[in-house]
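S.K.: mmCIF, C-alpha atoms, file coords.cif:
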data_structure
loop_
_atom_site.label_atom_id
_atom_site.label_comp_id
_atom_site.auth_asym_id
_atom_site.auth_seq_id
_atom_site.Cartn_x
_atom_site.Cartn_y
_atom_site.Cartn_z
CA LEU A 1166 0.00 0.00 0.00
CA PHE A 1167 2.72 2.49 0.97
CA GLY A 1168 5.90 1.04 -0.52
CA GLU A 1169 9.22 -0.16 0.85
CA ASP A 1170 10.67 1.81 3.77
CA TYR A 1171 7.27 3.49 4.12
CA MET A 1172 7.66 4.28 7.80
CA HIS A 1173 11.15 5.81 7.78
CA SER A 1174 10.60 7.75 4.55
CA TYR A 1175 7.35 9.21 5.88
CA ASN A 1176 9.08 10.31 9.08
CA LEU A 1177 11.80 12.05 7.06
CA ASP A 1178 9.35 13.65 4.62
CA ALA A 1179 7.22 14.99 7.46
CA ILE A 1180 10.16 16.27 9.52
CA ASN A 1181 11.77 17.96 6.50
CA CYS A 1182 8.43 18.97 4.94
CA ASN A 1183 9.40 17.68 1.50
CA GLY A 1184 8.95 14.54 -0.58
CA LEU A 1185 5.39 13.39 0.01
CA PHE A 1186 4.74 16.74 1.73
CA GLU A 1187 6.28 18.92 -0.98
CA GLY A 1188 4.35 22.20 -1.11
CA GLN A 1189 2.34 21.48 2.03
CA SER A 1190 2.14 23.73 5.08
CA LYS A 1191 4.36 23.44 8.13
CA SER A 1192 1.22 22.77 10.16
CA MET A 1193 0.49 19.61 8.15
CA CYS A 1194 4.12 18.49 8.20
CA ASP A 1195 4.58 19.00 11.94
CA ILE A 1196 1.45 17.16 13.02
CA SER A 1197 2.22 14.32 10.59
CA ALA A 1198 5.72 13.96 12.03
CA LYS A 1199 4.31 13.86 15.56
CA LYS A 1200 1.63 11.30 14.81
CA ASN A 1201 3.93 9.07 12.79
CA GLN A 1202 6.19 8.69 15.81
CA LEU A 1203 3.23 6.87 17.38
CA CYS A 1204 2.67 4.87 14.19
CA THR A 1205 6.31 3.84 14.24
CA THR A 1206 6.29 2.62 17.84
CA LEU A 1207 3.02 0.80 17.12
CA ALA A 1208 4.56 -0.90 14.10
CA TYR A 1209 7.49 -1.95 16.28
CA ALA A 1210 5.09 -3.37 18.86
CA ASN A 1211 3.55 -5.44 16.08
CA TYR A 1212 7.05 -6.58 15.09
CA GLU A 1213 7.62 -7.82 18.63
CA GLY A 1214 4.44 -9.87 18.29
CA ALA A 1215 5.83 -11.46 15.15
CA LYS A 1216 9.09 -12.17 16.98
CA ALA A 1217 7.15 -13.76 19.83
CA LEU A 1218 5.42 -16.04 17.35
CA ALA A 1219 8.75 -17.02 15.79
CA GLN A 1220 10.07 -18.01 19.22
CA MET A 1221 6.98 -20.11 19.83
CA GLN A 1222 7.41 -21.84 16.48
CA ALA A 1223 10.92 -22.72 17.60
CA GLY A 1224 9.43 -24.24 20.78
CA VAL A 1225 10.61 -21.47 23.12
CA SER A 1226 8.09 -20.29 25.71
CA ALA A 1227 7.92 -16.67 26.91
CA GLY A 1228 9.38 -15.89 30.30
CA VAL A 1229 12.50 -15.41 32.38
CA GLY A 1230 15.51 -17.41 31.24
CA THR A 1231 13.55 -19.55 28.78
CA LYS A 1232 15.77 -19.08 25.73
CA PRO A 1233 18.33 -21.82 24.95
CA ASP A 1234 21.13 -19.47 26.02
CA GLY A 1235 19.40 -18.77 29.34
CA THR A 1236 18.29 -15.24 28.50
CA ASP A 1237 14.74 -13.95 28.80
CA ASN A 1238 12.20 -14.44 26.02
CA LYS A 1239 10.41 -11.13 26.44
CA TYR A 1240 9.08 -10.39 22.95
CA MET A 1241 5.43 -10.55 23.99
CA ASP A 1242 6.12 -8.23 26.93
CA GLU A 1243 7.97 -5.90 24.55
CA LEU A 1244 4.87 -5.74 22.37
CA PHE A 1245 2.99 -4.43 25.41
CA ALA A 1246 5.76 -1.99 26.33
CA PHE A 1247 5.96 -0.38 22.89
CA TRP A 1248 2.15 -0.26 22.62
CA TYR A 1249 1.45 1.05 26.12
CA GLY A 1250 4.44 3.21 26.99
CA VAL A 1251 5.61 3.89 30.54
CA TYR A 1252 3.80 1.61 33.00
CA ASP A 1253 5.18 2.71 36.38
CA GLY A 1254 1.99 4.36 37.62
CA GLY A 1255 3.56 7.82 37.46
CA GLU A 1256 2.39 10.93 35.67
CA ASP A 1257 3.56 9.61 32.29
CA ASP A 1258 1.89 6.22 32.69
CA GLY A 1259 0.27 5.13 29.42
CA LYS A 1260 0.85 8.48 27.69
CA TYR A 1261 2.42 9.33 24.31
CA SER A 1262 1.56 5.91 22.92
CA SER A 1263 -0.85 3.92 20.78
CA ALA A 1264 -2.60 2.86 23.96
CA ALA A 1265 -3.29 6.51 24.69
CA VAL A 1266 -4.70 6.99 21.19
CA GLN A 1267 -6.97 3.99 21.67
CA GLY A 1268 -8.24 5.39 24.95
CA LYS A 1269 -8.98 8.78 23.40
CA ARG A 1270 -10.81 7.29 20.43
CA ASP A 1271 -12.82 5.10 22.78
CA SER A 1272 -13.94 8.30 24.52
CA ASP A 1273 -14.76 9.89 21.16
CA PHE A 1274 -16.79 6.93 19.88
CA SER A 1275 -18.08 5.32 23.09
CA THR A 1276 -16.19 2.08 22.44
CA ALA A 1277 -13.78 -0.08 24.43
CA PHE A 1278 -11.04 -1.10 22.02
CA LYS A 1279 -8.23 -0.27 24.45
CA VAL A 1280 -9.69 -2.66 27.02
CA ALA A 1281 -10.13 -5.28 24.30
CA ALA A 1282 -6.50 -4.81 23.21
CA ILE A 1283 -5.24 -5.44 26.75
CA ALA A 1284 -7.45 -8.52 27.07
CA ALA A 1285 -6.08 -9.87 23.79
CA MET A 1286 -2.49 -9.24 24.93
CA LYS A 1287 -3.09 -11.08 28.19
CA ASP A 1288 -4.44 -14.05 26.26
CA ALA A 1289 -1.43 -13.89 23.94
CA GLN A 1290 0.93 -13.75 26.92
CA THR A 1291 -0.69 -16.83 28.45
CA ALA A 1292 -0.37 -18.72 25.16
CA ALA A 1293 3.26 -17.63 24.70
CA ALA A 1294 4.22 -18.63 28.25
CA ALA A 1295 2.61 -22.08 28.03
CA SER A 1296 4.87 -25.11 27.84
CA PRO A 1297 4.85 -26.02 25.07
CA PRO A 1298 3.77 -22.67 23.60
CA ASP A 1299 0.17 -22.62 22.33
CA ILE A 1300 0.66 -21.25 18.82
CA ALA A 1301 -3.00 -21.44 17.79
CA ALA A 1302 -4.18 -19.58 20.89
CA PHE A 1303 -1.43 -16.98 20.50
CA THR A 1304 -2.31 -16.37 16.84
CA ALA A 1305 -5.99 -15.92 17.67
CA ALA A 1306 -5.18 -13.50 20.48
CA TYR A 1307 -2.62 -11.55 18.43
CA GLU A 1308 -5.11 -11.14 15.60
CA ALA A 1309 -7.77 -10.03 18.10
CA TYR A 1310 -5.31 -7.33 19.19
CA LEU A 1311 -4.76 -6.33 15.55
CA GLN A 1312 -8.52 -6.09 15.14
CA THR A 1313 -8.59 -3.40 17.83
CA ILE A 1314 -5.80 -1.53 16.02
CA VAL A 1315 -7.76 -1.51 12.76
CA SER A 1316 -10.86 -0.34 14.62
CA THR A 1317 -9.20 2.48 16.55
CA PHE A 1318 -7.34 3.93 13.60
CA ALA A 1319 -10.38 3.66 11.32
CA GLN A 1320 -12.13 5.75 13.97
CA ALA A 1321 -9.26 8.23 14.04
CA THR A 1322 -9.37 8.54 10.26
CA LEU A 1323 -13.09 9.27 10.32
CA LYS A 1324 -12.79 11.75 13.18
CA TYR A 1325 -10.18 13.91 11.52
CA VAL A 1326 -11.78 13.77 8.06
CA TYR A 1327 -14.92 15.11 9.75
CA LYS A 1328 -12.89 17.85 11.43
CA VAL A 1329 -11.37 18.80 8.06
CA GLU A 1330 -14.91 19.30 6.76
CA THR A 1331 -16.24 21.23 9.74
CA GLY A 1332 -13.22 22.94 11.32
CA ASP A 1333 -12.02 26.47 10.69
CA ALA A 1334 -9.85 27.14 7.66
CA ASP A 1335 -6.70 27.63 9.74
CA SER A 1336 -6.97 24.08 11.11
CA VAL A 1337 -7.66 22.20 7.87
CA ASP A 1338 -4.04 21.25 7.17
CA LYS A 1339 -3.48 20.07 10.75
CA TYR A 1340 -6.58 17.87 10.68
CA TRP A 1341 -5.68 16.54 7.24
CA GLY A 1342 -2.24 15.54 8.51
CA GLU A 1343 -3.83 13.77 11.47
CA ALA A 1344 -6.38 11.95 9.32
CA TYR A 1345 -3.77 10.66 6.89
CA SER A 1346 -1.11 9.82 9.47
CA TYR A 1347 -3.53 7.93 11.69
CA PHE A 1348 -4.83 6.04 8.66
CA ARG A 1349 -1.27 4.95 7.88
CA CYS A 1350 -0.92 3.50 11.39
CA ALA A 1351 -3.28 0.68 10.41
CA GLY A 1352 -3.81 1.04 6.65
CA GLY A 1353 -1.77 -2.05 5.83
CA LEU A 1354 -3.94 -4.14 8.17
CA MET A 1355 -7.17 -3.00 6.52
CA ASP A 1356 -9.13 -4.59 3.70
CA PRO A 1357 -6.88 -3.97 0.65
CA ALA A 1358 -9.57 -2.28 -1.46
CA LEU A 1359 -10.63 -0.05 1.43
CA GLY A 1360 -7.04 0.89 2.23
CA ALA A 1361 -6.22 1.70 -1.40
CA THR A 1362 -9.25 3.95 -1.73
CA ILE A 1363 -8.54 5.86 1.48
CA GLU A 1364 -4.91 6.25 0.42
CA LYS A 1365 -5.98 7.99 -2.79
CA LYS A 1366 -8.39 10.25 -0.92
CA LEU A 1367 -6.02 11.33 1.86
CA ASN A 1368 -2.44 11.18 0.57
CA PRO A 1369 -1.51 14.89 0.17
CA SER A 1370 0.81 14.09 -2.73
CA ILE A 1371 -2.20 12.66 -4.61
CA ALA A 1372 -5.28 14.52 -3.38
CA LYS A 1373 -5.46 18.28 -3.81
CA SER A 1374 -7.98 18.63 -0.99
CA ILE A 1375 -10.45 16.73 1.16
CA PRO A 1376 -13.77 17.93 -0.27
CA ALA A 1377 -17.04 18.33 1.58
CA GLY A 1378 -18.88 15.04 1.84
CA SER A 1379 -15.71 13.02 2.36
CA TYR A 1380 -16.67 11.96 5.88
CA CYS A 1381 -20.02 10.55 4.78
CA SER A 1382 -18.59 8.87 1.68
CA MET A 1383 -15.82 7.28 3.78
CA LYS A 1384 -18.31 6.21 6.44
CA LYS A 1385 -20.47 4.66 3.69
CA MET A 1386 -17.46 2.94 2.15
CA MET A 1387 -16.60 1.39 5.50
CA ALA A 1388 -20.23 0.39 6.07
CA GLU A 1389 -20.14 -1.51 2.78
CA THR A 1390 -16.97 -3.39 3.82
CA ALA A 1391 -18.05 -6.33 5.97
CA ASP A 1392 -14.56 -6.96 7.34
CA LEU A 1393 -12.44 -3.82 7.71
CA GLY A 1394 -9.46 -5.98 8.61
CA PHE A 1395 -8.81 -8.85 11.03
CA GLY A 1396 -12.51 -9.11 11.78
CA ALA A 1397 -13.14 -5.45 12.61
CA THR A 1398 -16.69 -4.51 11.61
CA PRO A 1399 -18.04 -1.11 10.60
CA GLU A 1400 -20.88 -1.46 13.11
CA SER A 1401 -18.41 -1.78 15.99
CA LEU A 1402 -16.81 1.61 15.29
CA GLY A 1403 -19.70 3.66 16.59
CA THR A 1404 -20.08 7.31 15.59
CA TYR A 1405 -17.81 10.22 16.46
CA LYS A 1406 -19.44 12.15 19.30
CA ASP A 1407 -19.36 15.54 17.55
CA VAL A 1408 -21.19 14.35 14.43
CA PRO A 1409 -24.82 15.55 14.61
CA ASP A 1410 -27.68 13.10 14.20
CA GLY A 1411 -28.65 12.76 10.56
CA TYR A 1412 -25.40 14.31 9.29
CA CYS A 1413 -25.08 11.71 6.53
CA ASP A 1414 -28.80 11.12 5.99
CA VAL A 1415 -29.42 13.93 3.49
CA SER A 1416 -30.55 12.30 0.25
CA PRO A 1417 -29.02 13.56 -3.00
CA TYR A 1418 -30.91 15.66 -5.53
CA ILE A 1419 -31.79 13.44 -8.50
CA PRO A 1420 -32.79 15.29 -11.68
CA LEU A 1421 -36.06 14.17 -13.26
CA THR A 1422 -34.70 15.05 -16.71
CA ASP A 1423 -31.37 14.75 -18.48
CA VAL A 1424 -29.42 17.93 -17.76
CA SER A 1425 -25.98 16.34 -17.92
CA SER A 1426 -24.95 18.59 -20.81
CA HIS A 1427 -25.94 21.64 -18.79
CA ALA A 1428 -23.94 20.38 -15.82
CA ARG A 1429 -20.79 20.15 -17.92
CA ILE A 1430 -20.56 23.94 -17.96
CA ALA A 1431 -18.53 23.30 -14.80
CA LEU A 1432 -15.90 21.64 -17.00
CA THR A 1433 -15.85 24.70 -19.25
CA VAL A 1434 -15.24 26.83 -16.17
CA ALA A 1435 -12.42 24.49 -15.16
CA ASN A 1436 -10.88 24.78 -18.63
CA PHE A 1437 -11.10 28.58 -18.52
CA THR A 1438 -9.43 28.60 -15.10
CA ALA A 1439 -6.65 26.31 -16.25
CA VAL A 1440 -5.59 28.44 -19.24
CA LEU A 1441 -6.21 31.97 -17.97
CA SER A 1442 -2.80 32.74 -16.51
CA GLU A 1443 -0.91 31.37 -19.53
CA ASN A 1444 -3.15 32.23 -22.50
CA ASN A 1445 -5.46 35.20 -22.06
CA ALA A 1446 -6.71 35.08 -25.65
CA LEU A 1447 -7.73 31.45 -25.36
CA ALA A 1448 -9.41 32.13 -22.02
CA MET A 1449 -11.39 34.97 -23.63
CA ASP A 1450 -12.45 32.69 -26.46
CA ILE A 1451 -13.64 30.04 -24.00
CA TYR A 1452 -15.54 32.71 -22.07
CA MET A 1453 -17.21 34.07 -25.18
CA ASN A 1454 -17.84 30.90 -27.17
CA GLY A 1455 -17.49 28.01 -24.75
CA ASP A 1456 -15.37 24.97 -25.49
CA GLY A 1457 -18.00 22.50 -26.64
CA GLN A 1458 -18.14 20.54 -23.40
CA SER A 1459 -21.57 21.95 -22.58
CA GLY A 1460 -22.98 22.03 -26.09
CA THR A 1461 -23.21 25.56 -27.48
CA ARG A 1462 -23.30 27.16 -24.05
CA SER A 1463 -20.76 29.72 -22.93
CA VAL A 1464 -20.32 31.68 -19.74
CA GLN A 1465 -20.73 34.93 -21.71
CA LYS A 1466 -24.17 33.79 -22.87
CA MET A 1467 -25.09 33.15 -19.27
CA ALA A 1468 -23.74 36.54 -18.17
CA THR A 1469 -25.71 38.44 -20.85
CA LYS A 1470 -28.98 36.48 -20.68
CA ASP A 1471 -32.07 38.70 -20.93
CA TRP A 1472 -34.31 37.16 -18.34
CA VAL A 1473 -37.50 38.94 -19.34
CA ALA A 1474 -37.04 38.34 -23.06
CA ALA A 1475 -36.52 34.67 -22.28
CA GLY A 1476 -39.79 34.58 -20.33
CA ALA A 1477 -38.34 34.55 -16.81
CA ASP A 1478 -39.45 36.74 -13.90
CA ASP A 1479 -36.53 39.05 -13.15
CA THR A 1480 -37.67 39.94 -9.63
CA TYR A 1481 -34.68 38.17 -8.14
CA LEU A 1482 -32.30 39.91 -10.53
CA GLN A 1483 -33.28 43.50 -9.76
CA GLY A 1484 -31.38 43.74 -6.50
CA PHE A 1485 -28.16 42.98 -8.35
CA VAL A 1486 -28.97 45.48 -11.14
CA GLU A 1487 -29.75 48.24 -8.64
CA LEU A 1488 -26.54 47.54 -6.72
CA PHE A 1489 -24.12 46.96 -9.60
CA GLY A 1490 -25.83 48.34 -12.71
CA GLU A 1491 -27.06 46.89 -16.00
CA ASP A 1492 -24.87 44.27 -17.61
CA TYR A 1493 -23.03 43.97 -14.30
CA MET A 1494 -22.00 40.34 -14.76
CA HIS A 1495 -20.62 40.51 -18.31
CA SER A 1496 -18.85 43.82 -17.77
CA TYR A 1497 -17.18 42.49 -14.60
CA ASN A 1498 -15.96 39.43 -16.49
#
So, in terms of structure tokens, how does the structure I just supplied come out?
M.R.:
Amino acid sequence: LFGEDYMHSYNLDAINCNGLFEGQSKSMCDISAKKNQLCTTLAYANYEGAKALAQMQAGVSAGVGTKPDGTDNKYMDELFAFWYGVYDGGEDDGKYSSAAVQGKRDSDFSTAFKVAAIAAMKDAQTAAAASPPDIAAFTAAYEAYLQTIVSTFAQATLKYVYKVETGDADSVDKYWGEAYSYFRCAGGLMDPALGATIEKKLNPSIAKSIPAGSYCSMKKMMAETADLGFGATPESLGTYKDVPDGYCDVSPYIPLTDVSSHARIALTVANFTAVLSENNALAMDIYMNGDGQSGTRSVQKMATKDWVAAGADDTYLQGFVELFGEDYMHSYN
């Protein structure tokens, strides 16, 4: 999904604000660098789980002095340490870690994935410490833990896409960086089609923006994916607490007639915008005559339309005429 060396290269790109983040704001780069530190320690926790499994396959149980050379087999415990962070009961206990992220998202979505992750780790520890090691039980528990990771970071992705849509303009880049970085924490564990689609929508080197409606379309996409990854279900994610009831329930406007040609005037506008700075004459021609994408329509014809002569009530036009004068639209163009 992300390519070789995806974790290290993303850290460097975010810290230096180049590469994947070329042309992006410092706000986006900084928050992405911060969040990917958590993604990196989470990925390393998952690595320790894989190492624990390898030891079990070699017949080595977890615990003190259980390795053939008499040293400790602590890979399962290391998974916990890198996931949870400091566990001494002090002021930093459980902070600055994936465990902390899971706790926060649980509060946001009224779920309990952090608790489920700890339960899965305890089961995995029991299986790893058994003599002989219980590989089947460990695998089931480890994958149950991964299910919570998929769930939490799917929640985080949804939360910050929603905040991109609804937050103030000064915060958009920060929220975008959070949405994409948190997605990357678990993207490779997600359903491949789902992950690939989200990657195209959120990667700032691919997407030019996160448009309105992205939260609902992403929520719908997840709802249509029965298994988000490792058994995580869309129903289990809940709904972000700040999303109002009915936010995604607005039905689309469906034309009764075929006005697709009319709608393509938007493409003419896009063409005009694309050439204006480089070719003023061509832009003027597109304005005056159109470019054929919307039939014979042109923006000039729209700007100079005589409402009354065309049989339309011009009541709603008069305020503009009184404020700006006759032919105000065409002359301004």
S.K.: Could you tell me, as a PyMOL selection string, exactly which residues end up selected when the PyMOL selection byres ((chain A and resi 1170-1176) around 12) is applied to this structure?
M.R.: chain A and resi 1166-1169+1177-1187+1194-1209+1342+1345-1346+1349-1353+1368-1370
S.K.: Please provide the set of residues having any atom within 9 Å of Glu1343 of chain A, restricted to only C-alpha atoms, with same-chain residues fewer than 5 positions apart removed, written as a list in words.
M.R.: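 These residues fall inside the cut-off: Met1193, Ile1196, Ser1197, Lys1200, Ala1321, Thr1322, Tyr1325, Val1326, Asp1338 and Phe1348 of chain A.
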S.K.: Could you tell me how far atom CA of Met1383 of chain A sits from atom CA of Val1315 of chain A, in Å to one decimal place?
M.R.: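 Here the two named atoms are 14.9 Å from each other.
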S.K.: Enumerate, as a count of residues only, the residues matched when the PyMOL selection byres ((chain A and resi 1452-1466) around 12) is run on the file above.
M.R.: 37
S.K.: Using all atoms listed in the file, what table do you get, as JSON lines, when you list each residue of segment 1242-1295 of chain A with an atom no more than 10 Å from segment 1386-1401 of chain A, its nearest pair of atoms, and their distance in Å rounded to one decimal, rows by chain then rising number?
M.R.:
{"residue": "A:Phe1274", "atom": "CA", "partner": "A:Ser1401", "partner_atom": "CA", "distance": 9.7}
{"residue": "A:Thr1276", "atom": "CA", "partner": "A:Ser1401", "partner_atom": "CA", "distance": 7.8}
{"residue": "A:Ala1277", "atom": "CA", "partner": "A:Ser1401", "partner_atom": "CA", "distance": 9.8}
{"residue": "A:Phe1278", "atom": "CA", "partner": "A:Ser1401", "partner_atom": "CA", "distance": 9.5}
S.K.: What is the atom CA of Leu1402 of chain A to atom CA of Thr1362 of chain A distance in Å?
M.R.: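 Atom-to-atom, atom CA of Leu1402 of chain A to atom CA of Thr1362 of chain A, that is 18.8 Å.
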S.K.: Just how far from atom CA of Tyr1249 of chain A is atom CA of Ser1262 of chain A, in Å to one decimal?
M.R.: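 Going from atom CA of Ser1262 of chain A over to atom CA of Tyr1249 of chain A covers 5.8 Å.
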S.K.: Box for segment 1265-1278 of chain A: with edges along x, y and z, all listed atoms inside and 8 Å added on each side, what are the centre and edge lengths in Å to one decimal, as JSON?
M.R.:
{"center_x": -10.7, "center_y": 4.4, "center_z": 22.4, "size_x": 30.8, "size_y": 27.0, "size_z": 21.1}
S.K.: Go through the shown structure with the PyMOL selection byres ((chain A and resi 1303) around 12) and write out the matching residues as an MDAnalysis selection string.
M.R.: chainID A and resid 1214:1215 1217:1222 1226:1227 1241 1285:1295 1297:1302 1304:1310
S.K.: Find the residues near Thr1404 of chain A: any atom within 10 Å, counting all atoms listed in the file, skip ones fewer than 6 places away on the same chain, and give them as a list of chain:residue names.
M.R.: A:Asp1273, A:Phe1274, A:Ser1275, A:Thr1276, A:Gln1320, A:Leu1323, A:Lys1324, A:Lys1384, A:Asp1410
S.K.: Need to verify the contact set: Gly1250 of chain A, 10 Å, all atoms listed in the file, exclusion of same-chain residues closer than 4 positions in sequence. Can you return it as a short mmCIF file (atom, residue, chain, number, x, y, z; two decimals) with C-alpha atoms, in the coordinates of the input?
M.R.:
data_model
loop_
_atom_site.label_atom_id
_atom_site.label_comp_id
_atom_site.auth_asym_id
_atom_site.auth_seq_id
_atom_site.Cartn_x
_atom_site.Cartn_y
_atom_site.Cartn_z
CA THR A 1206 6.29 2.62 17.84
CA PHE A 1245 2.99 -4.43 25.41
CA ALA A 1246 5.76 -1.99 26.33
CA ASP A 1257 3.56 9.61 32.29
CA ASP A 1258 1.89 6.22 32.69
CA GLY A 1259 0.27 5.13 29.42
CA LYS A 1260 0.85 8.48 27.69
CA TYR A 1261 2.42 9.33 24.31
CA SER A 1262 1.56 5.91 22.92
CA SER A 1263 -0.85 3.92 20.78
CA ALA A 1264 -2.60 2.86 23.96
CA ALA A 1265 -3.29 6.51 24.69
#
